[in-house]
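Down below is the structure, laid out as structure tokens.
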Amino acid sequence: MRSKDTAEPGRRHWWARRSARPDPFEALAIQVRLAAVTAQLHTIDTDERMFARGRRRIAYQAAYDALLADACRLAGVSVPDGEVSEDERLREELELTARGWSW
């Protein structure tokens with residue numbers, strides 16, 4: 001009789017398969033937050049009457065970059081350390097979109 005701890009060759013336990021995939025609820029939460037921050041960035045860019053637009057833009061861009069990095073880590077996309085350039089931001093967005101992410 002086989003032990004319950006051993007699995008057939010080539011098969012993994014359900015918890016091993018589960019840990020390899022990202023949590024769909026965590027992915028959804030990040031996508032919702034990305035959409036909210038993107039909408040706020042659009043508002044900042046279009047509303048000329050807004051007070052302190054530059055400071056708000058910097059703060060929301062930093063929040064967007066942090067959320068984008070979290071999304072990339074969750075999706076398995078490599079993320080460089082440090083400040084994010086426009087080209088790097090675009091690469092990350094394209095990689096996430098290619099993996100089925102939307103916001």
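Labeling convention for the structure tokens: chains A, B, ... as they appear, residues from 1 per chain, ligands from 1 in order of appearance.
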Selection near Asp45 in chain A, 12 Å with only C-alpha atoms, sequence-local residues under 5 positions removed, as a PyMOL selection string: chain A and resi 38-40+50-58+60-61
Might you pull out every residue within 10 Å of range 85-87 of chain A, with only C-alpha atoms counted and same-chain residues fewer than 5 positions away left off, and present them as a PyMOL selection string? chain A and resi 65+92-93
As a ChimeraX atom specification, please: every residue in range 15-91 of chain A that DSSP puts in helix (DSSP H, G or I). /A:15-20,24-46,53-75,86-91
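Compared by their closest atoms to Gln31 in chain A, and using only C-alpha atoms, the residues A:Val77, A:Thr46, A:Thr97, A:Glu88 rank with A:Thr97 nearest.
Residues in contact with Glu95 in chain A at 12 Å, where only C-alpha atoms are counted and same-chain residues fewer than 5 positions away are skipped, are listed as Leu68, Ala69, Ala71, Cys72, Arg73, Ala75, Gly76, Val77, Ser78, Val79, Glu88, Arg89, Leu90, Gly100, Trp101 and Ser102 of chain A.
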Would you put the residues from that selection into a file with N, CA and C atoms, as a short mmCIF file (atom, residue, chain, number, x, y, z; two decimals), in the first residue's frame?
```cif
data_model
loop_
_atom_site.label_atom_id
_atom_site.label_comp_id
_atom_site.auth_asym_id
_atom_site.auth_seq_id
_atom_site.Cartn_x
_atom_site.Cartn_y
_atom_site.Cartn_z
N LEU A 68 1.72 48.73 -11.23
CA LEU A 68 2.17 48.04 -12.42
C LEU A 68 3.26 47.02 -12.09
N ALA A 69 4.17 47.40 -11.19
CA ALA A 69 5.21 46.47 -10.75
C ALA A 69 4.60 45.28 -10.01
N ALA A 71 1.59 44.07 -10.46
CA ALA A 71 0.92 43.26 -11.48
C ALA A 71 1.94 42.43 -12.25
N CYS A 72 3.07 43.03 -12.58
CA CYS A 72 4.11 42.30 -13.31
C CYS A 72 4.65 41.14 -12.49
N ARG A 73 4.90 41.37 -11.22
CA ARG A 73 5.39 40.28 -10.37
C ARG A 73 4.37 39.15 -10.28
N ALA A 75 2.17 38.38 -12.54
CA ALA A 75 2.05 37.73 -13.84
C ALA A 75 3.35 37.08 -14.30
N GLY A 76 4.43 37.27 -13.56
CA GLY A 76 5.69 36.65 -13.93
C GLY A 76 6.50 37.46 -14.92
N VAL A 77 6.29 38.76 -14.97
CA VAL A 77 7.04 39.64 -15.86
C VAL A 77 8.19 40.25 -15.05
N SER A 78 9.38 40.29 -15.65
CA SER A 78 10.52 40.86 -14.93
C SER A 78 10.35 42.36 -14.78
N VAL A 79 10.76 42.87 -13.62
CA VAL A 79 10.62 44.28 -13.30
C VAL A 79 11.97 44.79 -12.79
N GLU A 88 10.13 51.64 -20.34
CA GLU A 88 9.95 50.48 -19.46
C GLU A 88 8.48 50.32 -19.07
N ARG A 89 7.83 51.43 -18.79
CA ARG A 89 6.40 51.39 -18.44
C ARG A 89 5.60 50.80 -19.60
N LEU A 90 5.90 51.23 -20.81
CA LEU A 90 5.21 50.71 -21.99
C LEU A 90 5.47 49.22 -22.17
N GLY A 100 -3.11 38.81 -21.04
CA GLY A 100 -4.55 38.84 -20.80
C GLY A 100 -5.02 39.85 -19.77
N TRP A 101 -4.15 40.70 -19.27
CA TRP A 101 -4.53 41.69 -18.28
C TRP A 101 -5.17 42.87 -18.98
N SER A 102 -6.12 43.49 -18.32
CA SER A 102 -6.75 44.72 -18.84
C SER A 102 -7.15 45.58 -17.65
#
```
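Of note, CA of Arg33 in chain A and CA of Glu48 in chain A are spaced 24.1 Å apart.
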Just the number, please: distance in Å from CA of Arg99 in chain A to CA of Ile44 in chain A, one decimal. 28.6 Å
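Residue neighbourhood of Val32 in chain A, excluding near-sequence residues (fewer than 4 positions): A:Leu28, A:Ala36, A:Trp103, at 7 Å, using only C-alpha atoms.
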Using N, CA and C atoms, can you export the residues from the last selection as a CSV table (one decimal), in the first residue's frame?
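See selection_38.csv below for the written result:
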```
chain,number,residue,atom,x,y,z
A,28,LEU,N,-7.4,40.5,-9.9
A,28,LEU,CA,-8.6,41.4,-10.2
A,28,LEU,C,-8.5,42.7,-9.4
A,36,ALA,N,-8.6,52.6,-11.6
A,36,ALA,CA,-8.9,53.8,-10.9
A,36,ALA,C,-7.8,54.8,-11.0
A,103,TRP,N,-7.1,46.9,-17.9
A,103,TRP,CA,-7.5,47.8,-16.8
A,103,TRP,C,-8.0,49.1,-17.5
```
